Amino acid sequence: MKKILSLIALLVVTFTAFAETTSEKIIPDGTQPNGGTITPKAITVDWATQKIVANVDLTNCLTGTNEQIFAISTNSADIANWDQESGSTLHFFYRQNFTDWGATTADVHKFAVQYRYKGDSGATNRFYEVKDISNCTIVMDKEGVHIDGTLVFEASLMPNLYKEGANQLYFGSLRGEHPYATYKSVELVTEGGSTPGETATYEFTNNVETVYWKEIAEGDYLDFHQYVKDAKLQLVKELDGTYTATLKDVVVGEDRVSLGDIVIAGLKATENAGTLQIDVPESNITISAPGSPYDGKSMIIKGGMIDATPAADADSKGSASVKLTILVGNGDMISYEFSDDVYVPNIYNFTSNAYVKAGDEVTNFENAQAVLTEYMDGVYMVKFKKLTLGTKTDDFTIENLKPTKGEDGNITFTTPDASGFWNDADETELNFTDFSASVKVGENGFEGFVCKFTTENGQFVYGEKAETPEPPSVVETKIFSDKLNYTFRGTIGTNDPQKLTIESLGNDRYNVILANLNSVNVLSVNVGTISFKNVAGKTENGITTIEVANPEVTFTDTDQELVDSKKGNLKVMFNNDKAYLNASGAVKIVSFGMSFDYTLVYGTEFSTEEPKDDYAINFDKDAKQTHSSRYSTSVSLQQTGKDKQTIEFGKTMNGYEDLTAGTKKFTVEAGSEVTPSIGYVGEWMHGYVYIDLNNDKQFSFNADGADQTGTEVVSYSYYKDQNSKGEAASSNCNVNPMPAFTAPTEPGTYRIRFKVDWDNIDAGGSAVSGNHILNNGGGIYDATLEVVTPVVDGISTINAEAANGVQFFTVDGVKLSKLQKGLNIVRTADGKVKKVLVK
């Protein structure tokens with residue numbers, strides 16, 4: 001039943017009279033000019049109720065010739081003119097088998113629809129590629145020009161041809177190359193119907209995100225996001241019951257390129273409880289955006305959906321969502337989303353002083369730019385423009401900044417991440433420590449942004465300027481005593497005990513000092529005190545680790561002047577109780593003019609590896625996955641020849657599901673072939689299965705390559721360009737199918753893990769920033785696997801024994817190769833005879 005809605009701004013409803021649809025022939029059906037002209041014919045058109053419909057066969061048109069199929073003009077003289085003397089003319093030119101007019105491939109068939117009027121500076125062109133040249137339909141109605149259902153030229157751009165009321169127009173073909181088309185029919189159609197018709201216009205407002213996927217290599221894209229607040233969507237219900245959707249003022253790309261209004265006509269909707277559900281089919285669109293590089297270009301809508309709930313009355317608000325995928329034509333893609341799920345980022349730009357301090361050396365930057373963006377509600381990121389750290393200069397981004405508002409109203413930021421990334425094609429990561437950031441909240445928004453962090457290339461400070469850098473001061477000193485083994489110029493020596501001093505400079509920087517290393521007895525030269533200056537360390541679980549290439553090394557209190565090459569390596573590990581050092585390099589005795597290598601090993605190395613939780617995962621087990629359109633609902637196993645077993649858990653959006661706590665479990669026979677699957681909604685993710693074969697409460701895997709031989713990875717759909725059978729696979733292969741695997745050969749109880757992730761073999765899930773399992777819509781699901789002894793029926797056993805001398809006969813004595821239905825005589829290898837009945 002149709003709903004009668006109030007006459008409000010959001011909805012305009014009009015009813016047609018009980019008139020029948022009529023048509024008037026403009027030229028006779030089947031007209032074939034064969035290179036001749038079509039004399040202009042006067043027609044009167046009221047676009048509110050009438051349209052011109054031409055169905056033409058273009059098969060006989062000449063190759064490479066601009067044939068004028070017809071023109072519509074405001075006077076009979078200008079229909080033949082290029083420069084309009086007093087009127088306005090719309091020309092329909094067609095050309096067969098060519099590569100002009102924006103075509104990217106050879107041998108295409110294309111219309112150029114060109115509008116001219118008195119005083120214009122050039123034609124306004126719209127192009128359309130014809131799919132079926134034997135049956136092309138051109139409709140000129142109140143919306144504009146449609147070719148094969150695609151809106152090619154909007155009526156709003158041709159005001160002289162689209163005046164209100166009756167328009168005196170002329171139809172004909174006189175200009176340029178004359179046509180060889182066959183005009184199946186050309187009619188002036190007056191709309192009507194035998195039952196009342198209804199039109200409606202719905203308008204909706206929501207946030208929009210467009211993502212322009214720029215192809216930089218085959219299968220590799222850069223993505224540029226654009227956001228629009230309060231974007232407009234218009235849905236128009238036409239007299240024939242179809243809908244026309246108009247996406248208003250679409251912008252895409254890094255430079256906010258305009259695509260103008262995107263109009264999609266002829267859409268069919270399913271009405272359900274006041275909601276319109278529209279599946280958008282694949283269709284061509286022509287961009288109309290004067291001044292845009294895409295003006296006049298064709299694009300392909302690959303598909304999508306529109307859901308809309310119009311407002312029921314003046315006191316309520318309608319809602320709608322749109323998701324589309326559009327191909328640009330050069331390998332690039334556009335995704336368009338109009339929905340409540342789109343969060344429009346808040347962007348704050350800052351220009352301030354900055355500096356990088358590496359040891360005592362300070363590099364100042366003036367007018368450094370930073371962009372602070374709230375890209376999700378309560379989650380920020382900062383991008384530093386053209387930042388220089390070490391030898392690299394590029395934009396540098398740190399994500400996942402969490403704000404805390406202080407009593408003074410200002411905001412401080414913290415982050416769980418320990419790295420940021422360069423905005424290059426590989427998004428190369430750079431580790432940092434001691435991150436801190438803050439911003440003042442003023443009357444006009446954010447101001448005074450300050451950010452500090454330390455990398456292997458030095459400490460970076462934004463928002464402050466280092467006028468007179470001070471040398472690092474010692475914050476804390478630790479002294480250790482242990483055995484030192486050293487080698488200088490092939491000579492081996494030992495100091496036991498040896499003093500090692502570690503000075504903390506703050507910000508995870510240290511001086512490491514081996515004092516009074518007396519080497520005279522073995523080297524004839526006392527190397528004195530060796531110091532490794534201002535080296536960076538990282539503390540985890542109470543153990544500090546320093547690993548530095550080419551550290552700054554000094555030798556003091558020596559018999560001879562020693563100069564280090566600073567081309568060595570240093571590793572130090574220490575806690576409150578012990579220390580370990582391993583260093584190597586080359587040093588020069590200046591007065592001797594010679595250099596020699598050295599190695600230093602102090603104490604004994606100790607492990608920093610934490611004990612793992614039972615069946616560990618790389619995120620909080622209570623965490624939710626954050627990708628709204630991807631989720632899992634079940635896990636399944638199917639033994640070959642047996643029924644499929646499934647454990648359902650539904651759309652919980654949990655990152656981890658412990659299915660071992662329930663009563664359900666999987667049961668398979670030892671050594672059987674088993675095929676896994678995951679009930680998953682979404683695309684572009686991969687499936688993985690693990691079995692704890694040795695029941696050590698961990699899942700082993702090889703993190704270094706696709707070869708998982710000897711690990712507890714039993715099946716996966718994709719990892720490093722192949723599946724678990726070693727077959728080539730594409731990254732867009734999806735979660736299922738996963739290859740079958742062989743069940744454990746030992747009966748018993750095992751834990752089985754199902755995982756949805758992106759190109760990551762870690763049983764705990766990808767924890768990489770930018771490719772995190774939860775952000776990607778993945779998850780981990782643990783269940784119990786019961787492996788039982790295979791059940792072998794008696795008939796199968798007897799048949800299998802045929803190879804060992806068992807013979808089969810019918811009751812009539814006819815020899816058989818195996819048991820058959822009915823009564824069988826069986827003689828075993830030892831000569832015994834028995835009867836076997838097979839039902």
# chains A, B, ... in the order shown; residues from 1 in each chain; ligands from 1
call {"tool": "residues_around", "arguments": {"residues": "Pro33 (chain A)", "least_positions_apart": "6", "cutoff": "10 Å", "atoms": "only C-alpha atoms", "output": "list of chain:residue names"}}
result
A:Ile69, A:Ser173, A:His178, A:Pro179, A:Tyr180, A:Ala181, A:Thr182, A:Tyr183
call {"tool": "atom_distance", "arguments": {"atom1": "CA of Phe153 (chain A)", "atom2": "CA of Arg126 (chain A)"}}
result
6.3 Å
call {"tool": "atom_distance", "arguments": {"atom1": "CA of Ile300 (chain A)", "atom2": "CA of Asn771 (chain A)"}}
result
29.6 Å
call {"tool": "residues_around", "arguments": {"residues": "Glu669 (chain A)", "least_positions_apart": "2", "cutoff": "10 Å", "atoms": "only C-alpha atoms", "output": "list in words"}}
result
Gln639, Thr667, Gly671, Ser672, Glu673, Val674, Thr742, Ala743, Pro744, Thr745, Glu746, Pro747, Glu786, Val787, Val788, Thr789, Pro790 and Val791 of chain A
call {"tool": "closest_atom_pairs", "arguments": {"of": "region 360-462 of chain A", "to": "region 538-561 of chain A", "cutoff": "12 Å", "atoms": "only C-alpha atoms", "output": "tab-separated table"}}
result
residue	atom	partner	partner_atom	distance
A:Asp360	CA	A:Glu552	CA	11.9
A:Ala418	CA	A:Lys538	CA	10.6
A:Asn431	CA	A:Lys538	CA	10.5
A:Phe432	CA	A:Lys538	CA	9.6
A:Thr433	CA	A:Lys538	CA	7.8
A:Asp434	CA	A:Lys538	CA	9.9
A:Thr454	CA	A:Lys538	CA	10.9
A:Thr455	CA	A:Lys538	CA	10.7
A:Glu456	CA	A:Val548	CA	8.5
A:Asn457	CA	A:Val548	CA	11.0
call {"tool": "write_last_selection", "arguments": {"atoms": "N, CA, C and O atoms", "output": "PDB file, in the first residue's frame"}}
result
ATOM      1  N   ASP A 360      74.994  16.426  21.431  1.00  0.00           N
ATOM      2  CA  ASP A 360      75.080  17.858  21.703  1.00  0.00           C
ATOM      3  C   ASP A 360      74.732  18.697  20.487  1.00  0.00           C
ATOM      4  O   ASP A 360      74.709  19.924  20.563  1.00  0.00           O
ATOM      5  N   ALA A 418      54.484   2.575  19.816  1.00  0.00           N
ATOM      6  CA  ALA A 418      55.901   2.865  20.028  1.00  0.00           C
ATOM      7  C   ALA A 418      56.589   3.194  18.713  1.00  0.00           C
ATOM      8  O   ALA A 418      57.804   3.149  18.614  1.00  0.00           O
ATOM      9  N   ASN A 431      60.669   3.736  15.046  1.00  0.00           N
ATOM     10  CA  ASN A 431      60.385   3.603  16.475  1.00  0.00           C
ATOM     11  C   ASN A 431      60.726   4.892  17.214  1.00  0.00           C
ATOM     12  O   ASN A 431      61.650   5.621  16.855  1.00  0.00           O
ATOM     13  N   PHE A 432      59.962   5.164  18.282  1.00  0.00           N
ATOM     14  CA  PHE A 432      60.244   6.325  19.116  1.00  0.00           C
ATOM     15  C   PHE A 432      59.999   5.955  20.577  1.00  0.00           C
ATOM     16  O   PHE A 432      59.378   4.938  20.900  1.00  0.00           O
ATOM     17  N   THR A 433      60.501   6.790  21.482  1.00  0.00           N
ATOM     18  CA  THR A 433      60.293   6.598  22.917  1.00  0.00           C
ATOM     19  C   THR A 433      59.866   7.924  23.531  1.00  0.00           C
ATOM     20  O   THR A 433      59.835   8.960  22.869  1.00  0.00           O
ATOM     21  N   ASP A 434      59.515   7.879  24.831  1.00  0.00           N
ATOM     22  CA  ASP A 434      59.170   9.043  25.658  1.00  0.00           C
ATOM     23  C   ASP A 434      58.286  10.056  24.939  1.00  0.00           C
ATOM     24  O   ASP A 434      58.517  11.254  25.004  1.00  0.00           O
ATOM     25  N   THR A 454      61.629  10.753  21.068  1.00  0.00           N
ATOM     26  CA  THR A 454      63.023  10.437  20.779  1.00  0.00           C
ATOM     27  C   THR A 454      63.100   9.231  19.862  1.00  0.00           C
ATOM     28  O   THR A 454      62.396   8.243  20.067  1.00  0.00           O
ATOM     29  N   THR A 455      63.929   9.310  18.835  1.00  0.00           N
ATOM     30  CA  THR A 455      64.172   8.194  17.927  1.00  0.00           C
ATOM     31  C   THR A 455      65.669   7.894  17.930  1.00  0.00           C
ATOM     32  O   THR A 455      66.458   8.562  18.613  1.00  0.00           O
ATOM     33  N   GLU A 456      66.049   6.895  17.149  1.00  0.00           N
ATOM     34  CA  GLU A 456      67.473   6.572  17.030  1.00  0.00           C
ATOM     35  C   GLU A 456      68.255   7.713  16.414  1.00  0.00           C
ATOM     36  O   GLU A 456      69.494   7.774  16.515  1.00  0.00           O
ATOM     37  N   ASN A 457      67.557   8.661  15.776  1.00  0.00           N
ATOM     38  CA  ASN A 457      68.219   9.795  15.141  1.00  0.00           C
ATOM     39  C   ASN A 457      68.241  11.041  16.026  1.00  0.00           C
ATOM     40  O   ASN A 457      68.651  12.105  15.580  1.00  0.00           O
TER      41      ASN A 457
END
call {"tool": "closest_atom_pairs", "arguments": {"of": "region 107-219 of chain A", "to": "region 86-102 of chain A", "cutoff": "12 Å", "atoms": "only C-alpha atoms", "output": "JSON lines"}}
result
{"residue": "A:Asp107", "atom": "CA", "partner": "A:Asn97", "partner_atom": "CA", "distance": 3.8}
{"residue": "A:Val108", "atom": "CA", "partner": "A:Asn97", "partner_atom": "CA", "distance": 4.9}
{"residue": "A:His109", "atom": "CA", "partner": "A:Gln96", "partner_atom": "CA", "distance": 4.5}
{"residue": "A:Lys110", "atom": "CA", "partner": "A:Arg95", "partner_atom": "CA", "distance": 5.7}
{"residue": "A:Phe111", "atom": "CA", "partner": "A:Tyr94", "partner_atom": "CA", "distance": 4.5}
{"residue": "A:Ala112", "atom": "CA", "partner": "A:Phe93", "partner_atom": "CA", "distance": 5.2}
{"residue": "A:Val113", "atom": "CA", "partner": "A:Phe92", "partner_atom": "CA", "distance": 4.9}
{"residue": "A:Gln114", "atom": "CA", "partner": "A:His91", "partner_atom": "CA", "distance": 5.1}
{"residue": "A:Tyr115", "atom": "CA", "partner": "A:Leu90", "partner_atom": "CA", "distance": 4.5}
{"residue": "A:Arg116", "atom": "CA", "partner": "A:Thr89", "partner_atom": "CA", "distance": 5.4}
{"residue": "A:Tyr117", "atom": "CA", "partner": "A:Ser88", "partner_atom": "CA", "distance": 4.1}
{"residue": "A:Lys118", "atom": "CA", "partner": "A:Ser86", "partner_atom": "CA", "distance": 5.7}
{"residue": "A:Gly119", "atom": "CA", "partner": "A:Ser86", "partner_atom": "CA", "distance": 8.9}
{"residue": "A:Asp120", "atom": "CA", "partner": "A:Ser88", "partner_atom": "CA", "distance": 9.9}
{"residue": "A:Ala123", "atom": "CA", "partner": "A:Leu90", "partner_atom": "CA", "distance": 9.6}
{"residue": "A:Thr124", "atom": "CA", "partner": "A:Leu90", "partner_atom": "CA", "distance": 9.6}
{"residue": "A:Asn125", "atom": "CA", "partner": "A:Trp101", "partner_atom": "CA", "distance": 9.3}
{"residue": "A:Arg126", "atom": "CA", "partner": "A:Trp101", "partner_atom": "CA", "distance": 9.2}
{"residue": "A:Phe127", "atom": "CA", "partner": "A:Trp101", "partner_atom": "CA", "distance": 7.0}
{"residue": "A:Tyr128", "atom": "CA", "partner": "A:Trp101", "partner_atom": "CA", "distance": 9.2}
{"residue": "A:Glu129", "atom": "CA", "partner": "A:Tyr94", "partner_atom": "CA", "distance": 9.7}
{"residue": "A:Val130", "atom": "CA", "partner": "A:Tyr94", "partner_atom": "CA", "distance": 9.5}
{"residue": "A:Lys131", "atom": "CA", "partner": "A:Gln96", "partner_atom": "CA", "distance": 11.7}
{"residue": "A:Asp132", "atom": "CA", "partner": "A:Gln96", "partner_atom": "CA", "distance": 11.9}
{"residue": "A:Ile133", "atom": "CA", "partner": "A:Gln96", "partner_atom": "CA", "distance": 9.2}
{"residue": "A:Cys136", "atom": "CA", "partner": "A:Tyr94", "partner_atom": "CA", "distance": 11.4}
{"residue": "A:Ile138", "atom": "CA", "partner": "A:Phe92", "partner_atom": "CA", "distance": 9.7}
{"residue": "A:Val139", "atom": "CA", "partner": "A:Phe92", "partner_atom": "CA", "distance": 11.8}
{"residue": "A:Met140", "atom": "CA", "partner": "A:Leu90", "partner_atom": "CA", "distance": 10.6}
{"residue": "A:Gly144", "atom": "CA", "partner": "A:Leu90", "partner_atom": "CA", "distance": 11.1}
{"residue": "A:Val145", "atom": "CA", "partner": "A:Leu90", "partner_atom": "CA", "distance": 10.0}
{"residue": "A:His146", "atom": "CA", "partner": "A:Phe92", "partner_atom": "CA", "distance": 11.9}
{"residue": "A:Ile147", "atom": "CA", "partner": "A:Phe92", "partner_atom": "CA", "distance": 10.9}
{"residue": "A:Val152", "atom": "CA", "partner": "A:Phe92", "partner_atom": "CA", "distance": 11.5}
{"residue": "A:Phe153", "atom": "CA", "partner": "A:Leu90", "partner_atom": "CA", "distance": 10.1}
{"residue": "A:Glu154", "atom": "CA", "partner": "A:Leu90", "partner_atom": "CA", "distance": 12.0}
{"residue": "A:Ala155", "atom": "CA", "partner": "A:Leu90", "partner_atom": "CA", "distance": 11.2}
{"residue": "A:Leu157", "atom": "CA", "partner": "A:Leu90", "partner_atom": "CA", "distance": 11.1}
{"residue": "A:Met158", "atom": "CA", "partner": "A:Ser88", "partner_atom": "CA", "distance": 8.5}
{"residue": "A:Pro159", "atom": "CA", "partner": "A:Ser88", "partner_atom": "CA", "distance": 9.3}
{"residue": "A:Asn160", "atom": "CA", "partner": "A:Ser88", "partner_atom": "CA", "distance": 6.4}
{"residue": "A:Leu161", "atom": "CA", "partner": "A:Ser88", "partner_atom": "CA", "distance": 7.0}
{"residue": "A:Tyr162", "atom": "CA", "partner": "A:Ser88", "partner_atom": "CA", "distance": 10.6}
{"residue": "A:Gln168", "atom": "CA", "partner": "A:Gly87", "partner_atom": "CA", "distance": 11.3}
{"residue": "A:Leu169", "atom": "CA", "partner": "A:Thr89", "partner_atom": "CA", "distance": 9.4}
{"residue": "A:Tyr170", "atom": "CA", "partner": "A:Thr89", "partner_atom": "CA", "distance": 9.2}
{"residue": "A:Phe171", "atom": "CA", "partner": "A:Leu90", "partner_atom": "CA", "distance": 10.0}
{"residue": "A:Gly172", "atom": "CA", "partner": "A:His91", "partner_atom": "CA", "distance": 9.8}
{"residue": "A:Ser173", "atom": "CA", "partner": "A:His91", "partner_atom": "CA", "distance": 8.8}
{"residue": "A:Leu174", "atom": "CA", "partner": "A:His91", "partner_atom": "CA", "distance": 10.3}
{"residue": "A:Arg175", "atom": "CA", "partner": "A:His91", "partner_atom": "CA", "distance": 8.8}
{"residue": "A:Gly176", "atom": "CA", "partner": "A:Phe93", "partner_atom": "CA", "distance": 9.0}
{"residue": "A:Glu177", "atom": "CA", "partner": "A:Phe93", "partner_atom": "CA", "distance": 9.1}
{"residue": "A:His178", "atom": "CA", "partner": "A:Phe93", "partner_atom": "CA", "distance": 10.0}
{"residue": "A:Pro179", "atom": "CA", "partner": "A:Tyr94", "partner_atom": "CA", "distance": 8.9}
{"residue": "A:Tyr180", "atom": "CA", "partner": "A:Tyr94", "partner_atom": "CA", "distance": 10.4}
{"residue": "A:Ala181", "atom": "CA", "partner": "A:Tyr94", "partner_atom": "CA", "distance": 9.7}
call {"tool": "select_by_dssp", "arguments": {"residues": "region 612-767 of chain A", "states": "strand (DSSP E)", "output": "PyMOL selection string"}}
result
chain A and resi 631-639+644-648+656-658+666-669+673-681+686-691+713-716+741-742+748-757
call {"tool": "residues_around", "arguments": {"residues": "Gly506 (chain A)", "least_positions_apart": "3", "cutoff": "8 Å", "atoms": "only C-alpha atoms", "output": "ChimeraX atom specification"}}
result
/A:474-475,509-510
call {"tool": "write_last_selection", "arguments": {"atoms": "C-alpha atoms", "output": "PDB file, in the first residue's frame"}}
result
ATOM      1  CA  VAL A 474      73.460  12.544  34.464  1.00  0.00           C
ATOM      2  CA  VAL A 475      70.174  11.576  36.098  1.00  0.00           C
ATOM      3  CA  ARG A 509      69.788   7.955  26.653  1.00  0.00           C
ATOM      4  CA  TYR A 510      72.888   6.561  28.352  1.00  0.00           C
TER       5      TYR A 510
END
call {"tool": "closest_residue", "arguments": {"among": "A:Asp377, A:Asp613, A:Asp424, A:Glu712", "to": "Thr397 (chain A)", "atoms": "only C-alpha atoms"}}
result
A:Asp424
call {"tool": "closest_residue", "arguments": {"among": "A:Thr784, A:Asn367, A:Asn167, A:Thr199", "to": "Ile752 (chain A)", "atoms": "only C-alpha atoms"}}
result
A:Thr784
